[in-house]
$ cat start.tsv   # TSV, C-alpha atoms
chain	number	residue	atom	x	y	z
O	1	MET	CA	-93.97	57.58	33.28
O	2	ASN	CA	-97.08	55.64	32.24
O	3	LYS	CA	-99.43	55.53	35.28
O	4	VAL	CA	-100.39	51.89	34.81
O	5	PHE	CA	-96.74	50.85	34.44
O	6	HIS	CA	-95.84	52.97	37.47
O	7	SER	CA	-98.52	51.30	39.60
O	8	ASP	CA	-97.26	47.85	38.58
O	9	ILE	CA	-93.77	48.82	39.63
O	10	LEU	CA	-95.02	49.91	43.05
O	11	LYS	CA	-96.68	46.52	43.59
O	12	LEU	CA	-93.33	44.74	43.25
O	13	SER	CA	-90.92	44.56	46.15
O	14	LYS	CA	-87.46	46.04	45.74
O	15	LYS	CA	-85.98	42.56	46.15
O	16	SER	CA	-88.18	41.17	43.36
O	17	LEU	CA	-87.28	44.04	41.04
O	18	LEU	CA	-83.56	43.59	41.70
O	19	LYS	CA	-83.82	39.85	41.05
O	20	LYS	CA	-85.62	40.36	37.73
O	21	TYR	CA	-83.17	43.06	36.63
O	22	CYS	CA	-80.09	41.04	37.55
O	23	SER	CA	-81.48	37.99	35.77
O	24	TYR	CA	-82.02	40.07	32.63
O	25	VAL	CA	-78.55	41.64	32.75
O	26	ILE	CA	-76.74	38.36	33.46
O	27	LYS	CA	-78.41	36.61	30.54
O	28	ARG	CA	-77.71	39.44	28.13
O	29	LYS	CA	-74.16	39.99	29.35
O	30	TYR	CA	-72.83	36.47	29.64
O	31	SER	CA	-74.63	34.12	27.26
O	32	SER	CA	-72.27	34.20	24.34
O	33	ILE	CA	-71.06	31.01	22.67
O	34	LEU	CA	-73.22	28.31	21.09
O	35	GLY	CA	-71.37	25.04	20.45
O	36	ILE	CA	-72.44	22.44	17.87
O	37	GLU	CA	-70.88	18.96	17.67
O	38	THR	CA	-71.62	16.36	14.95
O	39	SER	CA	-68.22	14.82	14.22
O	40	CYS	CA	-69.32	11.20	14.63
O	41	ASP	CA	-72.54	9.70	16.01
O	42	ASP	CA	-73.64	12.14	18.73
O	43	THR	CA	-75.57	15.34	18.07
O	44	GLY	CA	-74.47	17.80	20.75
O	45	CYS	CA	-75.16	21.43	21.53
O	46	ALA	CA	-74.35	23.71	24.47
O	47	LEU	CA	-74.43	27.35	25.53
O	48	ILE	CA	-71.55	28.77	27.58
O	49	ASP	CA	-71.34	32.24	29.10
O	50	LEU	CA	-68.26	34.45	29.07
O	51	ASN	CA	-67.20	33.08	32.44
O	52	GLY	CA	-67.16	29.54	31.12
O	53	ASN	CA	-70.34	28.44	32.88
O	54	ILE	CA	-72.55	25.97	31.05
O	55	LEU	CA	-75.95	27.63	30.68
O	56	SER	CA	-77.51	24.57	29.06
O	57	GLU	CA	-76.54	21.51	27.07
O	58	THR	CA	-78.32	18.86	25.03
O	59	LEU	CA	-77.05	15.60	23.59
O	60	HIS	CA	-78.81	13.15	21.31
O	61	SER	CA	-76.90	9.87	21.36
O	62	GLN	CA	-77.11	7.34	18.55
O	63	ASN	CA	-75.24	4.70	20.57
O	64	LEU	CA	-78.01	2.12	20.93
O	65	ILE	CA	-78.90	2.28	17.24
O	66	HIS	CA	-75.31	1.70	16.12
O	67	LEU	CA	-74.87	-0.93	18.83
O	68	ARG	CA	-77.63	-2.96	17.18
O	69	ASN	CA	-76.00	-2.47	13.76
O	70	GLY	CA	-72.64	-3.73	14.96
O	71	GLY	CA	-70.86	-0.40	14.37
O	72	ILE	CA	-71.34	3.14	13.09
O	73	ILE	CA	-72.88	3.32	9.63
O	74	PRO	CA	-72.09	6.81	8.21
O	75	ASP	CA	-75.32	7.12	6.18
O	76	ILE	CA	-77.47	6.32	9.20
O	77	ALA	CA	-75.44	8.67	11.40
O	78	GLN	CA	-75.96	11.49	8.88
O	79	ASP	CA	-79.72	10.91	8.67
O	80	LEU	CA	-80.03	11.00	12.45
O	81	HIS	CA	-77.93	14.17	12.70
O	82	ARG	CA	-80.12	15.79	10.05
O	83	ARG	CA	-83.27	14.80	11.95
O	84	TYR	CA	-82.14	15.96	15.38
O	85	ILE	CA	-79.79	18.92	14.85
O	86	GLY	CA	-82.61	21.50	14.80
O	87	PRO	CA	-84.48	20.15	17.84
O	88	VAL	CA	-81.23	19.76	19.80
O	89	VAL	CA	-80.23	23.40	19.20
O	90	ASP	CA	-83.76	24.65	19.93
O	91	LYS	CA	-83.91	22.66	23.16
O	92	THR	CA	-80.55	24.04	24.28
O	93	LEU	CA	-81.71	27.63	23.77
O	94	GLU	CA	-85.05	26.86	25.42
O	95	LYS	CA	-83.47	25.33	28.54
O	96	ALA	CA	-81.28	28.42	28.95
O	97	GLU	CA	-84.31	30.70	28.36
O	98	LEU	CA	-82.32	32.47	25.67
O	99	SER	CA	-82.62	33.16	21.96
O	100	MET	CA	-80.13	33.46	19.12
O	101	SER	CA	-80.04	37.21	19.73
O	102	ASP	CA	-78.18	36.43	22.98
O	103	VAL	CA	-75.48	34.41	21.18
O	104	SER	CA	-72.23	36.18	20.32
O	105	ALA	CA	-70.75	33.47	18.08
O	106	ILE	CA	-71.40	29.92	16.90
O	107	ALA	CA	-68.62	27.37	17.43
O	108	VAL	CA	-68.90	24.24	15.30
O	109	THR	CA	-66.75	21.14	14.72
O	110	VAL	CA	-65.39	21.11	11.17
O	111	GLU	CA	-62.42	18.73	11.57
O	112	PRO	CA	-61.62	15.84	11.88
O	113	GLY	CA	-64.46	13.30	11.80
O	114	LEU	CA	-66.90	11.44	9.58
O	115	PRO	CA	-67.49	13.67	6.52
O	116	LEU	CA	-71.21	12.87	6.32
O	117	SER	CA	-71.62	13.82	9.98
O	118	LEU	CA	-69.40	16.91	9.96
O	119	VAL	CA	-71.25	18.44	7.03
O	120	ILE	CA	-74.59	18.43	8.90
O	121	GLY	CA	-73.22	20.48	11.80
O	122	MET	CA	-71.37	22.87	9.49
O	123	LYS	CA	-74.41	23.50	7.28
O	124	TYR	CA	-76.69	24.10	10.23
O	125	ALA	CA	-74.19	26.47	11.83
O	126	LYS	CA	-74.01	28.39	8.53
O	127	HIS	CA	-77.80	28.49	8.38
O	128	LEU	CA	-77.97	30.04	11.86
O	129	ALA	CA	-75.10	32.42	11.08
O	130	ARG	CA	-76.83	33.75	7.96
O	131	LYS	CA	-80.26	34.00	9.57
O	132	TYR	CA	-79.10	35.76	12.73
O	133	LYS	CA	-75.95	37.46	11.39
O	134	LYS	CA	-73.54	35.69	13.73
O	135	PRO	CA	-69.84	34.86	13.21
O	136	ILE	CA	-68.68	31.23	13.19
O	137	ILE	CA	-65.70	29.82	15.07
O	138	PRO	CA	-64.48	26.61	13.36
O	139	ILE	CA	-63.31	23.99	15.85
O	140	HIS	CA	-60.80	21.14	15.63
O	141	HIS	CA	-62.42	18.21	17.43
O	142	MET	CA	-59.20	16.98	19.10
O	143	GLU	CA	-58.20	20.47	20.25
O	144	ALA	CA	-61.60	20.70	21.92
O	145	HIS	CA	-61.04	17.38	23.72
O	146	ALA	CA	-57.64	18.58	24.94
O	147	LEU	CA	-58.89	21.95	26.21
O	148	ILE	CA	-62.20	21.04	27.87
O	149	ALA	CA	-60.40	20.03	31.08
O	150	ARG	CA	-59.45	23.71	31.49
O	151	MET	CA	-63.12	24.51	32.01
O	152	VAL	CA	-63.25	22.50	35.24
O	153	HIS	CA	-59.62	22.46	36.41
O	154	ASP	CA	-56.93	25.10	36.92
O	155	ILE	CA	-54.66	24.03	34.07
O	156	SER	CA	-52.23	26.49	32.54
O	157	PHE	CA	-50.30	26.18	29.28
O	158	PRO	CA	-48.20	24.28	28.38
O	159	PHE	CA	-49.30	20.75	29.27
O	160	LEU	CA	-48.97	17.22	27.92
O	161	THR	CA	-52.21	15.64	26.69
O	162	LEU	CA	-53.19	12.06	25.92
O	163	LEU	CA	-56.36	11.88	23.81
O	164	ILE	CA	-57.90	8.41	23.68
O	165	SER	CA	-61.24	7.65	22.06
O	166	GLY	CA	-63.02	5.44	19.57
O	167	GLY	CA	-61.55	7.29	16.62
O	168	HIS	CA	-58.23	8.68	17.86
O	169	CYS	CA	-55.21	8.05	20.05
O	170	LEU	CA	-52.49	10.67	20.25
O	171	LEU	CA	-49.99	12.44	22.48
O	172	ALA	CA	-49.33	16.16	22.14
O	173	VAL	CA	-48.07	19.19	24.00
O	174	ALA	CA	-50.67	21.96	24.19
O	175	GLN	CA	-48.75	25.23	24.19
O	176	ASP	CA	-51.71	27.55	23.66
O	177	VAL	CA	-55.34	27.55	22.58
O	178	ASN	CA	-54.40	26.97	18.94
O	179	GLU	CA	-50.80	25.75	19.26
O	180	PHE	CA	-50.05	22.04	19.63
O	181	LYS	CA	-46.99	19.86	19.11
O	182	LEU	CA	-47.93	16.33	18.05
O	183	LEU	CA	-45.59	13.73	19.62
O	184	GLY	CA	-47.31	10.53	18.55
O	185	GLN	CA	-50.49	9.06	17.08
O	186	SER	CA	-52.04	5.71	16.26
O	187	LEU	CA	-50.72	4.02	13.13
O	188	ASP	CA	-53.92	2.01	12.72
O	189	SER	CA	-56.89	1.61	15.07
O	190	ALA	CA	-57.90	3.58	18.16
O	191	PRO	CA	-58.36	1.97	21.59
O	192	GLY	CA	-62.11	2.63	21.71
O	193	GLU	CA	-62.57	0.95	18.34
O	194	VAL	CA	-60.61	-2.09	19.54
O	195	PHE	CA	-62.75	-2.37	22.68
O	196	ASP	CA	-65.95	-2.07	20.63
O	197	LYS	CA	-64.95	-4.79	18.17
O	198	ALA	CA	-63.73	-7.12	20.92
O	199	ALA	CA	-66.95	-6.60	22.88
O	200	ARG	CA	-69.01	-7.52	19.80
O	201	ARG	CA	-66.95	-10.64	19.07
O	202	LEU	CA	-67.11	-11.68	22.72
O	203	LYS	CA	-70.92	-11.26	22.48
O	204	LEU	CA	-70.99	-9.14	25.64
O	205	ARG	CA	-74.39	-7.76	24.55
O	206	ASN	CA	-75.79	-11.21	25.43
O	207	ILE	CA	-74.86	-10.66	29.08
O	208	PRO	CA	-77.86	-8.74	30.52
O	209	GLU	CA	-75.93	-6.29	32.71
O	210	LEU	CA	-73.63	-5.38	29.78
O	211	SER	CA	-76.23	-5.27	26.99
O	212	GLN	CA	-76.78	-1.50	27.06
O	213	MET	CA	-73.14	-0.50	27.57
O	214	SER	CA	-70.63	0.77	25.05
O	215	GLY	CA	-67.84	-1.66	24.16
O	216	GLY	CA	-65.26	0.01	26.39
O	217	GLN	CA	-67.58	0.20	29.38
O	218	ALA	CA	-68.62	-3.43	28.93
O	219	ILE	CA	-64.98	-4.57	28.71
O	220	GLU	CA	-64.06	-2.69	31.90
O	221	THR	CA	-67.10	-3.98	33.80
O	222	ALA	CA	-66.45	-7.57	32.75
O	223	ALA	CA	-62.75	-7.20	33.61
O	224	SER	CA	-63.64	-6.16	37.15
O	225	LYS	CA	-65.13	-9.65	37.67
O	226	ALA	CA	-62.04	-11.56	36.47
O	227	THR	CA	-60.72	-14.34	38.71
O	228	ASN	CA	-57.66	-15.52	36.76
O	229	HIS	CA	-55.29	-12.68	35.82
O	230	ASN	CA	-52.71	-14.83	34.05
O	231	ILE	CA	-54.66	-17.10	31.71
O	232	PHE	CA	-54.33	-14.84	28.63
O	233	LYS	CA	-51.35	-12.88	27.32
O	234	PHE	CA	-51.26	-9.86	24.98
O	235	PRO	CA	-47.85	-8.79	23.59
O	236	LEU	CA	-46.69	-5.17	23.96
O	237	PRO	CA	-46.95	-3.47	20.52
O	238	LEU	CA	-44.01	-1.47	19.12
O	239	ALA	CA	-41.86	-2.53	22.08
O	240	GLU	CA	-38.62	-1.91	20.18
O	241	THR	CA	-39.81	1.17	18.28
O	242	LYS	CA	-38.43	4.26	20.00
O	243	ASP	CA	-41.18	6.78	19.31
O	244	CYS	CA	-44.55	7.80	20.77
O	245	ASN	CA	-46.78	6.27	18.10
O	246	PHE	CA	-49.40	3.66	18.93
O	247	SER	CA	-50.65	0.46	17.28
O	248	PHE	CA	-53.78	-1.37	18.42
O	249	ASN	CA	-54.51	-3.79	15.56
O	250	GLY	CA	-52.51	-6.51	17.30
O	251	PHE	CA	-54.97	-6.47	20.20
O	252	LYS	CA	-57.83	-7.31	17.84
O	253	SER	CA	-56.01	-10.24	16.25
O	254	THR	CA	-54.75	-11.59	19.59
O	255	ALA	CA	-58.22	-11.33	21.13
O	256	LEU	CA	-59.72	-13.16	18.15
O	257	TYR	CA	-57.10	-15.91	18.48
O	258	HIS	CA	-57.96	-16.44	22.16
O	259	ILE	CA	-61.73	-16.32	21.51
O	260	LEU	CA	-61.61	-18.87	18.69
O	261	LYS	CA	-59.39	-21.18	20.75
O	262	LYS	CA	-61.74	-21.10	23.73
O	263	GLU	CA	-64.85	-21.48	21.56
O	264	ARG	CA	-63.40	-24.67	20.07
O	265	GLU	CA	-62.34	-25.89	23.49
O	266	HIS	CA	-65.82	-25.41	24.97
O	267	ASN	CA	-67.83	-26.18	21.80
O	268	ILE	CA	-69.39	-22.72	21.93
O	269	GLU	CA	-72.24	-22.15	19.46
O	270	GLY	CA	-74.57	-19.29	18.53
O	271	ASP	CA	-75.05	-16.68	21.22
O	272	GLN	CA	-73.14	-18.55	23.91
O	273	VAL	CA	-70.30	-16.74	25.66
O	274	ILE	CA	-66.97	-18.33	26.58
O	275	PRO	CA	-66.67	-19.07	30.33
O	276	GLU	CA	-63.39	-17.13	30.56
O	277	VAL	CA	-64.91	-13.94	29.12
O	278	ASN	CA	-64.10	-11.83	32.20
O	279	ASP	CA	-60.49	-12.99	32.30
O	280	LEU	CA	-60.03	-12.23	28.60
O	281	CYS	CA	-61.49	-8.74	29.05
O	282	LEU	CA	-59.06	-8.05	31.89
O	283	ALA	CA	-56.07	-9.32	29.90
O	284	MET	CA	-57.00	-7.11	26.97
O	285	LEU	CA	-57.60	-4.07	29.18
O	286	MET	CA	-54.24	-4.59	30.89
O	287	GLY	CA	-52.51	-4.94	27.52
O	288	VAL	CA	-53.99	-1.72	26.13
O	289	THR	CA	-53.17	0.09	29.38
O	290	ARG	CA	-49.56	-1.08	29.27
O	291	HIS	CA	-49.21	0.16	25.69
O	292	LEU	CA	-50.62	3.58	26.61
O	293	LEU	CA	-48.25	3.82	29.58
O	294	HIS	CA	-45.23	2.82	27.49
O	295	ARG	CA	-45.76	5.59	24.92
O	296	THR	CA	-46.81	8.20	27.49
O	297	GLN	CA	-43.68	7.53	29.54
O	298	ARG	CA	-41.53	8.19	26.47
O	299	ALA	CA	-43.45	11.41	25.81
O	300	MET	CA	-42.67	12.54	29.36
O	301	GLU	CA	-38.98	11.75	28.82
O	302	PHE	CA	-38.99	13.67	25.53
O	303	CYS	CA	-40.62	16.70	27.17
O	304	GLU	CA	-37.99	16.58	29.93
O	305	ILE	CA	-35.06	16.44	27.51
O	306	ASN	CA	-36.42	19.27	25.33
O	307	ASN	CA	-37.73	21.49	28.15
O	308	LEU	CA	-41.25	21.52	26.69
O	309	LEU	CA	-42.87	21.72	30.12
O	310	PRO	CA	-41.92	23.79	33.19
O	311	GLU	CA	-40.10	21.71	35.79
O	312	ASN	CA	-42.28	23.06	38.60
O	313	LYS	CA	-45.61	22.45	36.85
O	314	LYS	CA	-45.72	19.26	34.81
O	315	GLN	CA	-49.27	18.36	33.84
O	316	LEU	CA	-50.96	15.54	31.93
O	317	VAL	CA	-54.51	15.96	30.62
O	318	VAL	CA	-56.29	12.75	29.64
O	319	SER	CA	-59.45	13.19	27.60
O	320	GLY	CA	-61.66	11.47	25.02
O	321	GLY	CA	-64.22	8.71	25.54
O	322	VAL	CA	-61.67	6.10	26.71
O	323	ALA	CA	-60.49	8.50	29.43
O	324	CYS	CA	-63.66	7.44	31.29
O	325	ASN	CA	-62.02	4.04	31.82
O	326	ASN	CA	-61.01	4.08	35.49
O	327	HIS	CA	-58.51	1.22	35.16
O	328	ILE	CA	-56.57	3.15	32.51
O	329	PHE	CA	-56.80	6.43	34.42
O	330	LYS	CA	-55.57	4.86	37.69
O	331	ALA	CA	-52.57	3.38	35.90
O	332	LEU	CA	-51.76	6.73	34.30
O	333	SER	CA	-52.12	8.39	37.71
O	334	ILE	CA	-49.45	6.06	39.13
O	335	LEU	CA	-47.18	6.88	36.17
O	336	CYS	CA	-47.68	10.59	36.85
O	337	GLN	CA	-46.74	10.14	40.51
O	338	GLU	CA	-43.48	8.49	39.44
O	339	PHE	CA	-42.61	11.39	37.10
O	340	GLY	CA	-43.85	14.30	39.22
O	341	TYR	CA	-46.90	15.14	37.08
O	342	GLU	CA	-50.33	16.36	38.07
O	343	ILE	CA	-52.98	14.44	36.14
O	344	TYR	CA	-56.37	15.75	35.09
O	345	ARG	CA	-59.38	14.53	33.17
O	346	PRO	CA	-62.77	16.11	32.54
O	347	PRO	CA	-65.93	14.69	34.17
O	348	PRO	CA	-67.22	11.63	32.25
O	349	LYS	CA	-69.93	13.52	30.36
O	350	LEU	CA	-67.28	15.95	29.06
O	351	CYS	CA	-64.83	13.20	28.07
O	352	THR	CA	-67.12	11.83	25.38
O	353	ASP	CA	-68.22	13.91	22.38
O	354	ASN	CA	-70.43	16.81	23.49
O	355	GLY	CA	-71.43	20.36	22.63
O	356	SER	CA	-69.90	21.86	25.77
O	357	MET	CA	-66.32	21.13	24.70
O	358	ILE	CA	-67.00	22.81	21.34
O	359	ALA	CA	-68.54	25.85	23.01
O	360	TRP	CA	-65.62	26.03	25.48
O	361	ASN	CA	-63.04	25.86	22.69
O	362	GLY	CA	-65.03	28.57	20.91
O	363	LEU	CA	-64.97	30.69	24.05
O	364	GLU	CA	-61.20	30.32	24.44
O	365	LYS	CA	-60.74	31.46	20.84
O	366	TYR	CA	-63.35	34.23	21.22
O	367	LYS	CA	-61.49	35.70	24.20
O	368	LYS	CA	-58.27	35.78	22.17
O	369	GLN	CA	-60.10	36.99	19.05
O	370	ILE	CA	-58.75	34.21	16.84
O	371	ASP	CA	-60.51	32.13	14.15
O	372	ILE	CA	-63.68	34.25	14.25
O	373	VAL	CA	-65.04	33.98	10.71
O	374	THR	CA	-67.71	36.18	9.11
O	375	ASP	CA	-67.14	35.07	5.50
O	376	LEU	CA	-68.96	31.75	5.57
O	377	ASN	CA	-67.46	30.69	2.24
O	378	GLN	CA	-64.14	30.25	4.06
O	379	ILE	CA	-65.53	27.48	6.25
O	380	ASN	CA	-65.29	23.89	5.03
O	381	ILE	CA	-65.04	20.49	6.66
O	382	ASN	CA	-61.75	18.59	6.81
O	383	PRO	CA	-62.40	14.92	7.72
O	384	SER	CA	-58.69	14.05	8.06
O	385	SER	CA	-56.88	16.77	9.95
O	386	PRO	CA	-53.70	16.30	12.03
O	387	LEU	CA	-53.36	18.02	15.37
O	388	GLY	CA	-50.90	20.91	15.38
O	389	GLU	CA	-47.23	20.78	14.34
O	390	SER	CA	-45.78	17.29	13.98
O	391	TYR	CA	-42.86	16.47	16.28
O	392	ILE	CA	-43.15	12.76	15.53
O	393	GLN	CA	-39.90	12.63	13.53
O	394	LYS	CA	-38.06	14.53	16.26
O	395	VAL	CA	-39.23	11.98	18.82
O	396	LYS	CA	-38.00	9.15	16.57
O	397	GLU	CA	-34.62	10.79	16.11
O	398	ALA	CA	-34.23	11.21	19.88
O	399	ARG	CA	-34.38	7.38	20.22
O	400	ILE	CA	-35.21	7.53	23.92
O	401	PRO	CA	-34.95	4.10	25.60
O	402	ILE	CA	-37.72	3.28	28.06
O	403	LYS	CA	-37.71	0.90	30.99
O	404	LEU	CA	-41.41	0.58	31.67
O	405	ILE	CA	-42.20	0.93	35.34
O	406	LYS	CA	-44.23	-1.88	36.91
O	407	ILE	CA	-47.73	-0.78	37.77
O	408	LYS	CA	-50.34	-2.84	39.55
O	409	VAL	CA	-53.84	-1.41	39.52
O	410	LYS	CA	-56.35	-2.75	42.01
O	411	SER	CA	-59.82	-3.39	40.58
$ encode --input "start.tsv" --output "structure tokens"
Amino acid sequence: MNKVFHSDILKLSKKSLLKKYCSYVIKRKYSSILGIETSCDDTGCALIDLNGNILSETLHSQNLIHLRNGGIIPDIAQDLHRRYIGPVVDKTLEKAELSMSDVSAIAVTVEPGLPLSLVIGMKYAKHLARKYKKPIIPIHHMEAHALIARMVHDISFPFLTLLISGGHCLLAVAQDVNEFKLLGQSLDSAPGEVFDKAARRLKLRNIPELSQMSGGQAIETAASKATNHNIFKFPLPLAETKDCNFSFNGFKSTALYHILKKEREHNIEGDQVIPEVNDLCLAMLMGVTRHLLHRTQRAMEFCEINNLLPENKKQLVVSGGVACNNHIFKALSILCQEFGYEIYRPPPKLCTDNGSMIAWNGLEKYKKQIDIVTDLNQININPSSPLGESYIQKVKEARIPIKLIKIKVKS
């Protein structure tokens, strides 16, 4: 042994040596999956070890920029992804004190999403894969939302999942990592989109405490201050349609009707806000919640009739950005109590788009050795991609009648 090296070793305590060695081994043994997310307007990246622990994560949000523009502009979203994707990945590796040599595979969102956004993440993942000779694990964005709860909760397959966000609303049964049965989906808008548009039309950004919030968060916060719960009414969409599909466009038109009526009544001009803004937010939130409960209740009935879930372990996973809404989650929790379900949702930072859910989905696939691609020419984006096998027609044919249970959620 080199004498100088040997003398350095002797200067270190046994405890210090063991700590340094263990640190080296743990990093090399467990840091394995790099996740990249660029499906919409957030640039996300995360590193997850083989035990499912988040080693580091980075997220660059474009929310404030798009908030000023009145909505997501695909060209601007793409430019921002292009500008920040490299720094976000570098920062994630730096925070974990790791390099690409420690990564076993790169998981990246390729479907569904905004095409101009998806392509940035895919191209950068391919760049890293070529440069460092790593395989790629293509990820379905909605599958990742459904599965991320398994990283923080003890949830076994199969389970019912309700995915609610700004771009999607669907009900499905997750039977395995890559096996889903789609029970229902939105026929038009998504709940997050409806909240965003209503918040803009209500001019909630002109209320100081709501000015930096997303549309959904602003609606919920304003609703918590409502004093008259009965002044506005929103009809229940698809009330007579016996399936699990959703429709949210009616909420936009009804909200606009109420806003215009009150603006005329109060002679509202410019940036002024209607006095009943909090009451209208509550009415809209309650209407959307009731619609979600109505379709979810039918999904539970369908699962019961067709034995899609074990009788002794019925589970509902709620995920996506709108799952952060506590009013909606409390109402769903009451529904689950009525039907003997356990309900789960990820922590708020994992509900919205993020790199950790992509890395986790990649890890689940990596452990099962599925969808691990080395031929990069096989990987392409798919902006419009359904989730799993469609059972929508089967649900329609079952024609299950629903008597919606009455639920009162305290603010």
$ closest_residue --input "start.tsv" --among "O:Thr254, O:Ser384, O:Asn325, O:Ser56" --to "Glu97 of chain O" --atoms "all atoms listed in the file"
O:Ser56
$ residues_around --input "start.tsv" --residues "Gln378 of chain O" --least-positions-apart "3" --cutoff "12 Å" --atoms "all atoms listed in the file" --output "ChimeraX atom specification"
/O:110,122,126,135-138,371-375,381
$ write_last_selection --input "start.tsv" --atoms "C-alpha atoms" --output "compact mmCIF listing (two decimals), keeping the file's coordinate frame"
# COMPACT_ATOMS: atom_id res chain seq x y z
CA VAL O 110 -65.39 21.11 11.17
CA MET O 122 -71.37 22.87 9.49
CA LYS O 126 -74.01 28.39 8.53
CA PRO O 135 -69.84 34.86 13.21
CA ILE O 136 -68.68 31.23 13.19
CA ILE O 137 -65.70 29.82 15.07
CA PRO O 138 -64.48 26.61 13.36
CA ASP O 371 -60.51 32.13 14.15
CA ILE O 372 -63.68 34.25 14.25
CA VAL O 373 -65.04 33.98 10.71
CA THR O 374 -67.71 36.18 9.11
CA ASP O 375 -67.14 35.07 5.50
CA ILE O 381 -65.04 20.49 6.66
$ closest_residue --input "start.tsv" --among "O:Thr221, O:Ser61, O:Ser156, O:Asn206" --to "Asn326 of chain O" --atoms "only C-alpha atoms"
O:Thr221
$ residues_around --input "start.tsv" --residues "Leu335 of chain O" --least-positions-apart "5" --cutoff "10 Å" --atoms "all atoms listed in the file" --output "list in words"
Leu293, His294, Thr296, Gln297, Met300, Phe329, Lys330, Gly340, Tyr341, Ile343, Leu404, Ile405, Lys406 and Ile407 of chain O
$ write_last_selection --input "start.tsv" --atoms "C-alpha atoms" --output "CSV table (one decimal), keeping the file's coordinate frame"
chain,number,residue,atom,x,y,z
O,293,LEU,CA,-48.2,3.8,29.6
O,294,HIS,CA,-45.2,2.8,27.5
O,296,THR,CA,-46.8,8.2,27.5
O,297,GLN,CA,-43.7,7.5,29.5
O,300,MET,CA,-42.7,12.5,29.4
O,329,PHE,CA,-56.8,6.4,34.4
O,330,LYS,CA,-55.6,4.9,37.7
O,340,GLY,CA,-43.8,14.3,39.2
O,341,TYR,CA,-46.9,15.1,37.1
O,343,ILE,CA,-53.0,14.4,36.1
O,404,LEU,CA,-41.4,0.6,31.7
O,405,ILE,CA,-42.2,0.9,35.3
O,406,LYS,CA,-44.2,-1.9,36.9
O,407,ILE,CA,-47.7,-0.8,37.8
$ closest_residue --input "start.tsv" --among "O:Ile73, O:Leu47, O:Ala331, O:Cys169" --to "Lys91 of chain O" --atoms "all atoms listed in the file"
O:Leu47
$ closest_residue --input "start.tsv" --among "O:Asp79, O:Glu179, O:Glu240, O:Glu111" --to "Glu389 of chain O" --atoms "only C-alpha atoms"
O:Glu179
$ closest_residue --input "start.tsv" --among "O:Asn178, O:Thr241, O:Gln217, O:Ser333" --to "Ala146 of chain O" --atoms "only C-alpha atoms"
O:Asn178
$ residues_around --input "start.tsv" --residues "Thr109 of chain O" --least-positions-apart "6" --cutoff "8 Å" --atoms "only C-alpha atoms" --output "NGL selection string"
:O and (36-39 or 118 or 121-122 or 138-141 or 358)
